[in-house]
>>> print(open('query39.txt').read())   # compact mmCIF, C-alpha atoms and all ligand atoms
# COMPACT_ATOMS: atom_id res chain seq x y z
CA MET A 254 0.00 0.00 0.00
CA THR A 255 1.31 3.45 -0.85
CA THR A 256 0.83 6.08 1.82
CA THR A 257 -0.02 9.61 0.75
CA ALA A 258 2.59 12.28 1.39
CA PRO A 259 1.54 15.32 3.42
CA ARG A 260 0.61 18.35 1.36
CA LEU A 261 2.75 21.46 1.76
CA LEU A 262 0.47 24.47 2.08
CA GLN A 263 0.89 28.17 2.82
CA VAL A 264 -0.94 30.54 5.11
CA ARG A 265 -3.20 32.90 3.16
CA ARG A 266 -4.53 34.85 6.13
CA THR A 267 -5.36 34.59 9.80
CA ALA A 268 -8.28 36.01 11.81
CA ARG A 269 -9.23 36.03 15.47
CA VAL A 270 -12.53 34.16 15.83
CA THR A 271 -12.60 34.90 19.57
CA PRO A 272 -9.90 36.27 21.90
CA ARG A 273 -8.43 32.76 22.33
CA MET A 274 -9.14 31.19 18.94
CA VAL A 275 -7.31 32.01 15.72
CA ARG A 276 -8.48 30.84 12.30
CA VAL A 277 -5.65 30.04 9.90
CA THR A 278 -6.68 29.88 6.25
CA LEU A 279 -4.35 27.73 4.14
CA GLY A 280 -4.05 27.44 0.39
CA GLY A 281 -1.69 26.28 -2.33
CA ASP A 282 -1.41 24.07 -5.41
CA GLU A 283 -1.10 20.94 -3.28
CA LEU A 284 -4.58 21.47 -1.82
CA ARG A 285 -6.08 20.24 -5.11
CA GLY A 286 -8.08 17.04 -4.60
CA PHE A 287 -8.02 17.32 -0.79
CA PRO A 288 -10.78 15.01 0.56
CA GLY A 289 -11.77 17.37 3.35
CA ASP A 290 -15.56 17.06 3.34
CA GLY A 291 -17.59 15.54 6.13
CA PRO A 292 -17.99 15.79 9.89
CA ASP A 293 -15.02 15.53 12.26
CA ARG A 294 -12.21 15.31 9.70
CA ARG A 295 -8.87 15.13 11.49
CA ILE A 296 -5.53 16.09 10.01
CA LYS A 297 -1.96 15.78 11.16
CA MET A 298 -0.18 19.08 10.81
CA PHE A 299 3.60 19.29 10.33
CA PHE A 300 5.19 22.47 11.70
CA PRO A 301 8.70 23.62 10.68
CA ALA A 302 11.52 22.89 13.13
CA PRO A 303 13.34 25.97 14.45
CA GLY A 304 15.34 27.59 11.64
CA GLN A 305 13.37 25.88 8.85
CA GLU A 306 11.23 27.81 6.40
CA ARG A 307 9.29 24.70 5.34
CA PRO A 308 8.73 21.60 7.42
CA ALA A 309 10.49 18.46 6.22
CA VAL A 310 7.72 16.06 5.22
CA PRO A 311 7.98 12.39 4.29
CA ARG A 312 7.72 11.20 0.71
CA ALA A 313 5.18 8.48 -0.02
CA SER A 314 6.51 5.07 -1.02
CA THR A 315 5.19 1.53 -1.21
CA ALA A 316 7.29 0.75 1.88
CA GLY A 317 5.72 3.59 3.88
CA PRO A 318 6.81 7.18 4.48
CA VAL A 319 10.42 8.08 3.65
CA TRP A 320 11.81 11.10 5.50
CA PRO A 321 14.36 13.37 3.83
CA ALA A 322 17.83 12.55 5.14
CA GLY A 323 19.66 15.11 7.23
CA GLU A 324 16.71 17.42 7.87
CA ALA A 325 15.20 18.06 11.30
CA ARG A 326 11.84 16.35 11.75
CA PRO A 327 8.83 18.61 12.10
CA THR A 328 6.61 18.88 15.16
CA MET A 329 3.33 17.07 14.51
CA ARG A 330 -0.04 17.79 16.10
CA THR A 331 -3.60 16.79 15.26
CA TYR A 332 -6.19 19.41 14.22
CA THR A 333 -9.63 19.53 12.63
CA VAL A 334 -10.72 20.63 9.17
CA ARG A 335 -13.04 23.49 10.15
CA ARG A 336 -13.84 24.37 6.53
CA PHE A 337 -12.65 23.15 3.18
CA ASP A 338 -13.71 25.11 0.12
CA PRO A 339 -12.50 23.45 -3.08
CA ALA A 340 -13.75 26.31 -5.29
CA ALA A 341 -11.77 28.91 -3.34
CA GLY A 342 -8.90 26.46 -2.77
CA GLU A 343 -8.99 27.17 0.97
CA LEU A 344 -8.70 25.11 4.14
CA ASP A 345 -9.51 26.66 7.54
CA VAL A 346 -8.05 25.35 10.78
CA ASP A 347 -9.09 26.93 14.11
CA PHE A 348 -6.35 26.93 16.77
CA VAL A 349 -6.97 27.43 20.48
CA LEU A 350 -4.38 29.86 21.87
CA HIS A 351 -3.85 27.93 25.09
CA GLY A 352 -0.46 29.27 26.08
CA GLU A 353 2.72 27.36 25.34
CA GLY A 354 3.23 24.65 22.73
CA PRO A 355 4.72 24.52 19.23
CA ALA A 356 1.36 24.39 17.45
CA THR A 357 -0.39 27.14 19.39
CA GLU A 358 2.69 29.38 19.10
CA TRP A 359 2.94 28.72 15.36
CA ALA A 360 -0.71 29.72 14.89
CA ARG A 361 -0.36 32.81 17.07
CA ASP A 362 2.56 34.08 14.96
CA ALA A 363 1.55 32.68 11.54
CA ALA A 364 2.01 35.23 8.76
CA PRO A 365 0.80 35.00 5.16
CA GLY A 366 3.21 32.82 3.20
CA ALA A 367 4.23 30.61 6.14
CA TRP A 368 4.55 26.91 5.22
CA VAL A 369 2.94 23.97 6.99
CA GLY A 370 2.34 20.30 6.12
CA VAL A 371 -1.12 18.71 6.21
CA SER A 372 -1.87 14.97 6.07
CA GLU A 373 -4.87 13.35 4.42
CA PRO A 374 -7.89 13.72 6.70
CA GLY A 375 -9.09 10.81 8.82
CA GLY A 376 -12.12 10.34 11.05
CA ARG A 377 -14.70 7.61 11.33
CA TRP A 378 -17.69 9.26 13.02
CA GLU A 379 -20.99 9.11 11.15
CA PRO A 380 -24.47 9.97 12.39
CA ASP A 381 -26.71 6.98 13.05
CA PRO A 382 -29.91 7.57 11.03
CA ASP A 383 -31.88 5.56 13.63
CA ALA A 384 -30.79 7.60 16.66
CA ASP A 385 -33.67 9.34 18.47
CA PHE A 386 -31.34 12.04 19.80
CA GLN A 387 -27.73 13.12 19.66
CA VAL A 388 -25.41 14.18 22.48
CA VAL A 389 -22.46 16.37 21.45
CA ILE A 390 -19.89 17.30 24.09
CA GLY A 391 -16.57 19.12 23.86
CA ASP A 392 -14.28 21.92 24.96
CA GLU A 393 -12.84 24.73 22.85
CA THR A 394 -10.36 22.44 21.07
CA ALA A 395 -13.39 20.39 19.99
CA LEU A 396 -15.40 23.40 18.81
CA PRO A 397 -14.25 23.16 15.18
CA ALA A 398 -15.28 19.49 15.10
CA VAL A 399 -18.50 20.15 17.03
CA ALA A 400 -19.48 22.66 14.33
CA THR A 401 -19.01 20.07 11.58
CA VAL A 402 -20.81 17.37 13.60
CA LEU A 403 -23.79 19.69 14.13
CA ASP A 404 -23.92 20.35 10.38
CA ALA A 405 -24.40 16.60 9.91
CA ILE A 406 -27.30 16.21 12.38
CA VAL A 407 -29.53 19.17 11.56
CA ASP A 408 -32.77 17.17 11.70
CA VAL A 409 -32.18 15.31 14.97
CA PRO A 410 -32.82 16.61 18.51
CA ALA A 411 -29.42 17.33 20.05
CA LEU A 412 -28.10 18.07 23.50
CA VAL A 413 -24.90 20.07 22.99
CA PHE A 414 -22.50 20.97 25.81
CA VAL A 415 -19.36 23.02 25.19
CA GLU A 416 -16.92 24.15 27.87
CA VAL A 417 -15.02 27.37 27.12
CA ALA A 418 -13.02 29.78 29.26
CA ASP A 419 -15.71 32.46 29.42
CA ALA A 420 -18.56 34.08 27.48
CA ALA A 421 -16.17 35.77 25.04
CA GLU A 422 -15.21 32.32 23.69
CA GLU A 423 -18.73 31.35 22.66
CA GLN A 424 -19.36 31.02 18.93
CA PRO A 425 -22.71 30.98 17.15
CA LEU A 426 -23.18 27.50 15.69
CA GLY A 427 -26.81 27.72 14.58
CA ARG A 428 -28.02 25.33 17.30
CA GLU A 429 -28.95 25.65 20.94
CA ILE A 430 -25.76 25.06 22.92
CA THR A 431 -25.30 24.72 26.68
CA TRP A 432 -22.20 26.87 27.13
CA VAL A 433 -20.25 25.94 30.23
CA HIS A 434 -17.82 28.59 31.49
CA ARG A 435 -14.66 27.24 33.04
CA GLY A 436 -13.59 30.32 34.95
CA ASP A 437 -10.90 29.28 37.42
CA ALA A 438 -11.94 25.63 37.57
CA GLU A 439 -9.75 22.78 36.30
CA PRO A 440 -10.47 22.05 32.62
CA GLY A 441 -13.24 19.50 32.20
CA VAL A 442 -14.63 19.65 35.73
CA PRO A 443 -17.49 22.09 34.92
CA LEU A 444 -18.27 20.15 31.74
CA VAL A 445 -18.63 16.87 33.62
CA ALA A 446 -20.94 18.52 36.15
CA ALA A 447 -23.11 20.08 33.42
CA VAL A 448 -23.58 16.78 31.57
CA GLN A 449 -24.20 14.82 34.76
CA GLY A 450 -26.89 17.30 35.82
CA ALA A 451 -28.74 17.42 32.49
CA THR A 452 -32.02 15.74 31.63
CA PHE A 453 -31.73 13.42 28.63
CA PRO A 454 -34.66 12.55 26.35
CA ALA A 455 -36.03 9.02 26.23
CA GLY A 456 -35.03 6.75 23.37
CA ARG A 457 -31.85 5.70 21.66
CA GLY A 458 -29.04 8.24 21.87
CA GLN A 459 -25.79 8.58 19.96
CA ALA A 460 -22.92 10.59 21.44
CA TRP A 461 -19.83 12.37 20.13
CA LEU A 462 -17.42 13.72 22.70
CA SER A 463 -13.90 15.18 22.79
CA GLY A 464 -11.75 17.39 24.97
CA GLU A 465 -9.31 16.97 27.83
CA SER A 466 -8.50 13.26 28.13
CA ALA A 467 -9.46 12.62 31.78
CA CYS A 468 -12.74 14.49 31.30
CA VAL A 469 -13.56 12.50 28.15
CA LYS A 470 -12.86 9.23 29.97
CA GLU A 471 -15.15 10.19 32.86
CA LEU A 472 -17.95 11.36 30.58
CA ARG A 473 -17.73 8.25 28.42
CA GLN A 474 -18.23 6.10 31.52
CA HIS A 475 -21.13 8.32 32.59
CA LEU A 476 -22.87 7.94 29.22
CA LEU A 477 -22.44 4.16 29.25
CA ARG A 478 -23.20 3.43 32.91
CA GLU A 479 -25.61 6.14 34.10
CA ARG A 480 -27.30 7.00 30.80
CA GLY A 481 -27.31 3.49 29.36
CA LEU A 482 -26.03 4.43 25.90
CA ASP A 483 -24.80 1.58 23.77
CA ARG A 484 -21.00 1.20 23.66
CA ARG A 485 -21.01 1.43 19.84
CA ALA A 486 -23.05 4.65 19.98
CA VAL A 487 -20.45 6.58 21.99
CA TYR A 488 -17.56 8.06 19.96
CA ALA A 489 -15.01 9.56 22.34
CA THR A 490 -11.56 11.04 21.69
CA GLY A 491 -9.11 12.62 24.13
CA TYR A 492 -7.80 15.74 22.36
CA TRP A 493 -5.19 16.87 24.87
CA ARG A 494 -3.87 15.94 28.29
CA LEU A 495 -3.77 18.29 31.24
CA ARG A 496 -0.35 18.18 32.91
CA ARG A 497 -1.03 17.60 36.56
CA SER A 498 1.73 18.37 39.07
C1 LIG B 501 -8.57 14.48 16.66
C2 LIG B 501 -8.09 15.79 17.26
C3 LIG B 501 -8.54 16.99 16.74
C4 LIG B 501 -8.13 18.22 17.31
N1 LIG B 501 -8.58 19.39 16.77
C5 LIG B 501 -8.17 20.57 17.31
C6 LIG B 501 -8.59 21.82 16.72
O1 LIG B 501 -9.27 21.87 15.69
N2 LIG B 501 -8.18 22.96 17.33
C7 LIG B 501 -7.37 22.95 18.46
O2 LIG B 501 -7.03 24.03 18.97
N3 LIG B 501 -6.95 21.80 19.00
C8 LIG B 501 -7.30 20.62 18.45
N4 LIG B 501 -6.86 19.45 18.98
C9 LIG B 501 -6.03 19.51 20.20
C10 LIG B 501 -4.54 19.81 19.92
O3 LIG B 501 -3.99 18.78 19.11
C11 LIG B 501 -3.81 19.86 21.29
O4 LIG B 501 -4.32 20.91 22.08
C12 LIG B 501 -2.30 19.96 21.14
O5 LIG B 501 -1.73 19.56 22.36
C13 LIG B 501 -1.81 21.38 20.82
O6 LIG B 501 -0.43 21.31 20.59
P1 LIG B 501 0.59 22.41 21.13
O7 LIG B 501 1.87 22.20 20.39
O8 LIG B 501 -0.06 23.76 21.08
O9 LIG B 501 0.77 22.06 22.68
P2 LIG B 501 1.57 20.80 23.30
O10 LIG B 501 3.04 20.92 23.02
O11 LIG B 501 0.93 19.54 22.82
O12 LIG B 501 1.29 20.96 24.85
C14 LIG B 501 1.98 21.95 25.62
C15 LIG B 501 1.25 22.13 26.95
O13 LIG B 501 -0.02 22.72 26.68
C16 LIG B 501 -1.05 21.98 27.30
N5 LIG B 501 -2.23 22.04 26.40
C17 LIG B 501 -2.38 21.47 25.18
N6 LIG B 501 -3.58 21.79 24.66
C18 LIG B 501 -4.21 22.57 25.59
C19 LIG B 501 -5.46 23.23 25.65
N7 LIG B 501 -6.34 23.15 24.65
N8 LIG B 501 -5.76 23.95 26.75
C20 LIG B 501 -4.89 24.06 27.78
N9 LIG B 501 -3.67 23.47 27.77
C21 LIG B 501 -3.34 22.74 26.70
C22 LIG B 501 -0.48 20.56 27.46
O14 LIG B 501 -1.08 19.91 28.57
C23 LIG B 501 0.98 20.82 27.71
O15 LIG B 501 1.21 21.08 29.08
C24 LIG B 501 -7.23 18.22 18.42
C25 LIG B 501 -6.75 16.99 18.91
C26 LIG B 501 -7.16 15.79 18.34
C27 LIG B 501 -6.62 14.48 18.88
>>> encode(input="query39.txt", output="structure tokens", more="lines below")
Ligand SMILES: Cc1cc2nc3c(=O)[nH]c(=O)nc-3n(C[C@H](O)[C@H](O)[C@H](O)COP(=O)(O)OP(=O)(O)OC[C@H]3O[C@@H](n4cnc5c(N)ncnc54)[C@H](O)[C@@H]3O)c2cc1C
Amino acid sequence: MTTTAPRLLQVRRTARVTPRMVRVTLGGDELRGFPGDGPDRRIKMFFPAPGQERPAVPRASTAGPVWPAGEARPTMRTYTVRRFDPAAGELDVDFVLHGEGPATEWARDAAPGAWVGVSEPGGRWEPDPDADFQVVIGDETALPAVATVLDAIVDVPALVFVEVADAAEEQPLGREITWVHRGDAEPGVPLVAAVQGATFPAGRGQAWLSGESACVKELRQHLLRERGLDRRAVYATGYWRLRRS
């Protein structure tokens, strides 16, 4: 099997969506044919190592990826396709400005023309047409994916919970959202409390949830044990891990 090499793209522009979220719009010849449609499409992004203008990216081969010899390997992080517009040749990725980290710092400082590598998108979540209701849960890192998941379930009742730092981080998503403000609490703790305290409709539910890993683990257990959702109906991904001292 031949793997597909990451595409090398360039920043076209950036915009602040909220005080702590920056939208980076990418473009370039290599975006042609990008299969970026659908809910919850995840990409690996390859950021240049210090001193590099472009990240070194592996070449595809039948034996797997082949890295260029003698070049520093890029930093890799996973992000979500927030929008892909083939006609405009544009791909949007929304980055949370969470403080320190190669990806968040790259996005904060990204200038038009900056290079970045983007893998083929993955992601297996699909709405169950027989679900009576949907449960969608996430934090700000999950907001880009939540938006695309909501686009895929427009006709189904949905309970949506999103934890953000404060009211300034809320984004209109065209659906009723229970916004949970973190304030000074540990990430994930207010979200767990909000979901545990909510009233769920009767019937067969399907759930999509992402965010801080410990919080996702706890909420997955809650949905299976206390809410009785079927194991196959709960799609949970830890997006990042809080460093506890
Ligand atoms: C499938 C998937 C999709 C994702 N989609 C998105 C997306 O669209 N947008 C997005 O912003 N993120 C997204 N993430 C999360 C993102 O990959 C992580 O937040 C990643 O750690 C950021 O890398 P970094 O280099 O900035 O920080 P790292 O070098 O990974 O971490 C540095 C420090 O920052 C802390 N940290 C990392 N993320 C956060 C955070 N959100 N809040 C507070 N502290 C944090 C870490 O605990 C660590 O102490 C996604 C993750 C996955 C698995």
>>> residues_near_ligand(input="query39.txt", ligand="ligand LIG 501 (chain B)", cutoff="7 Å", atoms="all atoms listed in the file", output="PyMOL selection string")
chain A and resi 295+330-335+346-349+351-358+393-395+397-398+490-496
>>> write_last_selection(input="query39.txt", atoms="C-alpha atoms", output="compact mmCIF listing (two decimals), in the coordinates of the input")
# COMPACT_ATOMS: atom_id res chain seq x y z
CA ARG A 295 -8.87 15.13 11.49
CA ARG A 330 -0.04 17.79 16.10
CA THR A 331 -3.60 16.79 15.26
CA TYR A 332 -6.19 19.41 14.22
CA THR A 333 -9.63 19.53 12.63
CA VAL A 334 -10.72 20.63 9.17
CA ARG A 335 -13.04 23.49 10.15
CA VAL A 346 -8.05 25.35 10.78
CA ASP A 347 -9.09 26.93 14.11
CA PHE A 348 -6.35 26.93 16.77
CA VAL A 349 -6.97 27.43 20.48
CA HIS A 351 -3.85 27.93 25.09
CA GLY A 352 -0.46 29.27 26.08
CA GLU A 353 2.72 27.36 25.34
CA GLY A 354 3.23 24.65 22.73
CA PRO A 355 4.72 24.52 19.23
CA ALA A 356 1.36 24.39 17.45
CA THR A 357 -0.39 27.14 19.39
CA GLU A 358 2.69 29.38 19.10
CA GLU A 393 -12.84 24.73 22.85
CA THR A 394 -10.36 22.44 21.07
CA ALA A 395 -13.39 20.39 19.99
CA PRO A 397 -14.25 23.16 15.18
CA ALA A 398 -15.28 19.49 15.10
CA THR A 490 -11.56 11.04 21.69
CA GLY A 491 -9.11 12.62 24.13
CA TYR A 492 -7.80 15.74 22.36
CA TRP A 493 -5.19 16.87 24.87
CA ARG A 494 -3.87 15.94 28.29
CA LEU A 495 -3.77 18.29 31.24
CA ARG A 496 -0.35 18.18 32.91
>>> closest_residue(input="query39.txt", among="A:Glu373, A:Asp381, A:Glu324, A:Glu343", to="Ala405 of chain A", atoms="only C-alpha atoms")
A:Asp381
>>> closest_residue(input="query39.txt", among="A:Thr328, A:Thr267, A:Gln305, A:Thr431", to="Asp362 of chain A", atoms="all atoms listed in the file")
A:Thr267
>>> closest_atom_pairs(input="query39.txt", of="segment 341-392 of chain A", to="segment 406-412 of chain A", cutoff="12 Å", atoms="all atoms listed in the file", output="tab-separated table")
residue	atom	partner	partner_atom	distance
A:Trp378	CA	A:Ile406	CA	11.9
A:Glu379	CA	A:Ile406	CA	9.6
A:Pro380	CA	A:Ile406	CA	6.9
A:Asp381	CA	A:Ile406	CA	9.3
A:Pro382	CA	A:Val409	CA	9.0
A:Asp383	CA	A:Val409	CA	9.8
A:Ala384	CA	A:Val409	CA	8.0
A:Asp385	CA	A:Val409	CA	7.1
A:Phe386	CA	A:Pro410	CA	5.0
A:Gln387	CA	A:Ala411	CA	4.6
A:Val388	CA	A:Leu412	CA	4.8
A:Val389	CA	A:Leu412	CA	6.2
A:Ile390	CA	A:Leu412	CA	8.3
A:Gly391	CA	A:Leu412	CA	11.6
>>> residues_near_point(input="query39.txt", point="(-15.4, 27.9, 29.1)", cutoff="10 Å", atoms="only C-alpha atoms", output="PyMOL selection string")
chain A and resi 392-393+415-423+432-438+440-441+443-444
>>> write_last_selection(input="query39.txt", atoms="C-alpha atoms", output="PDB file, keeping the file's coordinate frame")
ATOM      1  CA  ASP A 392     -14.280  21.920  24.960  1.00  0.00           C
ATOM      2  CA  GLU A 393     -12.840  24.730  22.850  1.00  0.00           C
ATOM      3  CA  VAL A 415     -19.360  23.020  25.190  1.00  0.00           C
ATOM      4  CA  GLU A 416     -16.920  24.150  27.870  1.00  0.00           C
ATOM      5  CA  VAL A 417     -15.020  27.370  27.120  1.00  0.00           C
ATOM      6  CA  ALA A 418     -13.020  29.780  29.260  1.00  0.00           C
ATOM      7  CA  ASP A 419     -15.710  32.460  29.420  1.00  0.00           C
ATOM      8  CA  ALA A 420     -18.560  34.080  27.480  1.00  0.00           C
ATOM      9  CA  ALA A 421     -16.170  35.770  25.040  1.00  0.00           C
ATOM     10  CA  GLU A 422     -15.210  32.320  23.690  1.00  0.00           C
ATOM     11  CA  GLU A 423     -18.730  31.350  22.660  1.00  0.00           C
ATOM     12  CA  TRP A 432     -22.200  26.870  27.130  1.00  0.00           C
ATOM     13  CA  VAL A 433     -20.250  25.940  30.230  1.00  0.00           C
ATOM     14  CA  HIS A 434     -17.820  28.590  31.490  1.00  0.00           C
ATOM     15  CA  ARG A 435     -14.660  27.240  33.040  1.00  0.00           C
ATOM     16  CA  GLY A 436     -13.590  30.320  34.950  1.00  0.00           C
ATOM     17  CA  ASP A 437     -10.900  29.280  37.420  1.00  0.00           C
ATOM     18  CA  ALA A 438     -11.940  25.630  37.570  1.00  0.00           C
ATOM     19  CA  PRO A 440     -10.470  22.050  32.620  1.00  0.00           C
ATOM     20  CA  GLY A 441     -13.240  19.500  32.200  1.00  0.00           C
ATOM     21  CA  PRO A 443     -17.490  22.090  34.920  1.00  0.00           C
ATOM     22  CA  LEU A 444     -18.270  20.150  31.740  1.00  0.00           C
TER      23      LEU A 444
END
>>> atom_distance(input="query39.txt", atom1="atom CA of Gly366 of chain A", atom2="atom CA of Phe300 of chain A")
13.5 Å
>>> closest_residue(input="query39.txt", among="A:Ala258, A:Val371, A:Leu472, A:Ala486", to="Trp320 of chain A", atoms="only C-alpha atoms")
A:Ala258
>>> atom_distance(input="query39.txt", atom1="atom CA of Ile430 of chain A", atom2="atom CA of Val399 of chain A")
10.6 Å
>>> atom_distance(input="query39.txt", atom1="atom CA of Gly458 of chain A", atom2="atom CA of Pro288 of chain A")
28.9 Å
>>> closest_residue(input="query39.txt", among="A:Arg266, A:Lys297, A:Arg497, A:Arg285", to="Ala467 of chain A", atoms="all atoms listed in the file")
A:Arg497
>>> closest_residue(input="query39.txt", among="A:Glu439, A:Ala367, A:Ala489, A:Ala400", to="Pro425 of chain A", atoms="all atoms listed in the file")
A:Ala400
>>> closest_residue(input="query39.txt", among="A:Leu482, A:Val310, A:Leu261, A:Ala364", to="Gly456 of chain A", atoms="only C-alpha atoms")
A:Leu482
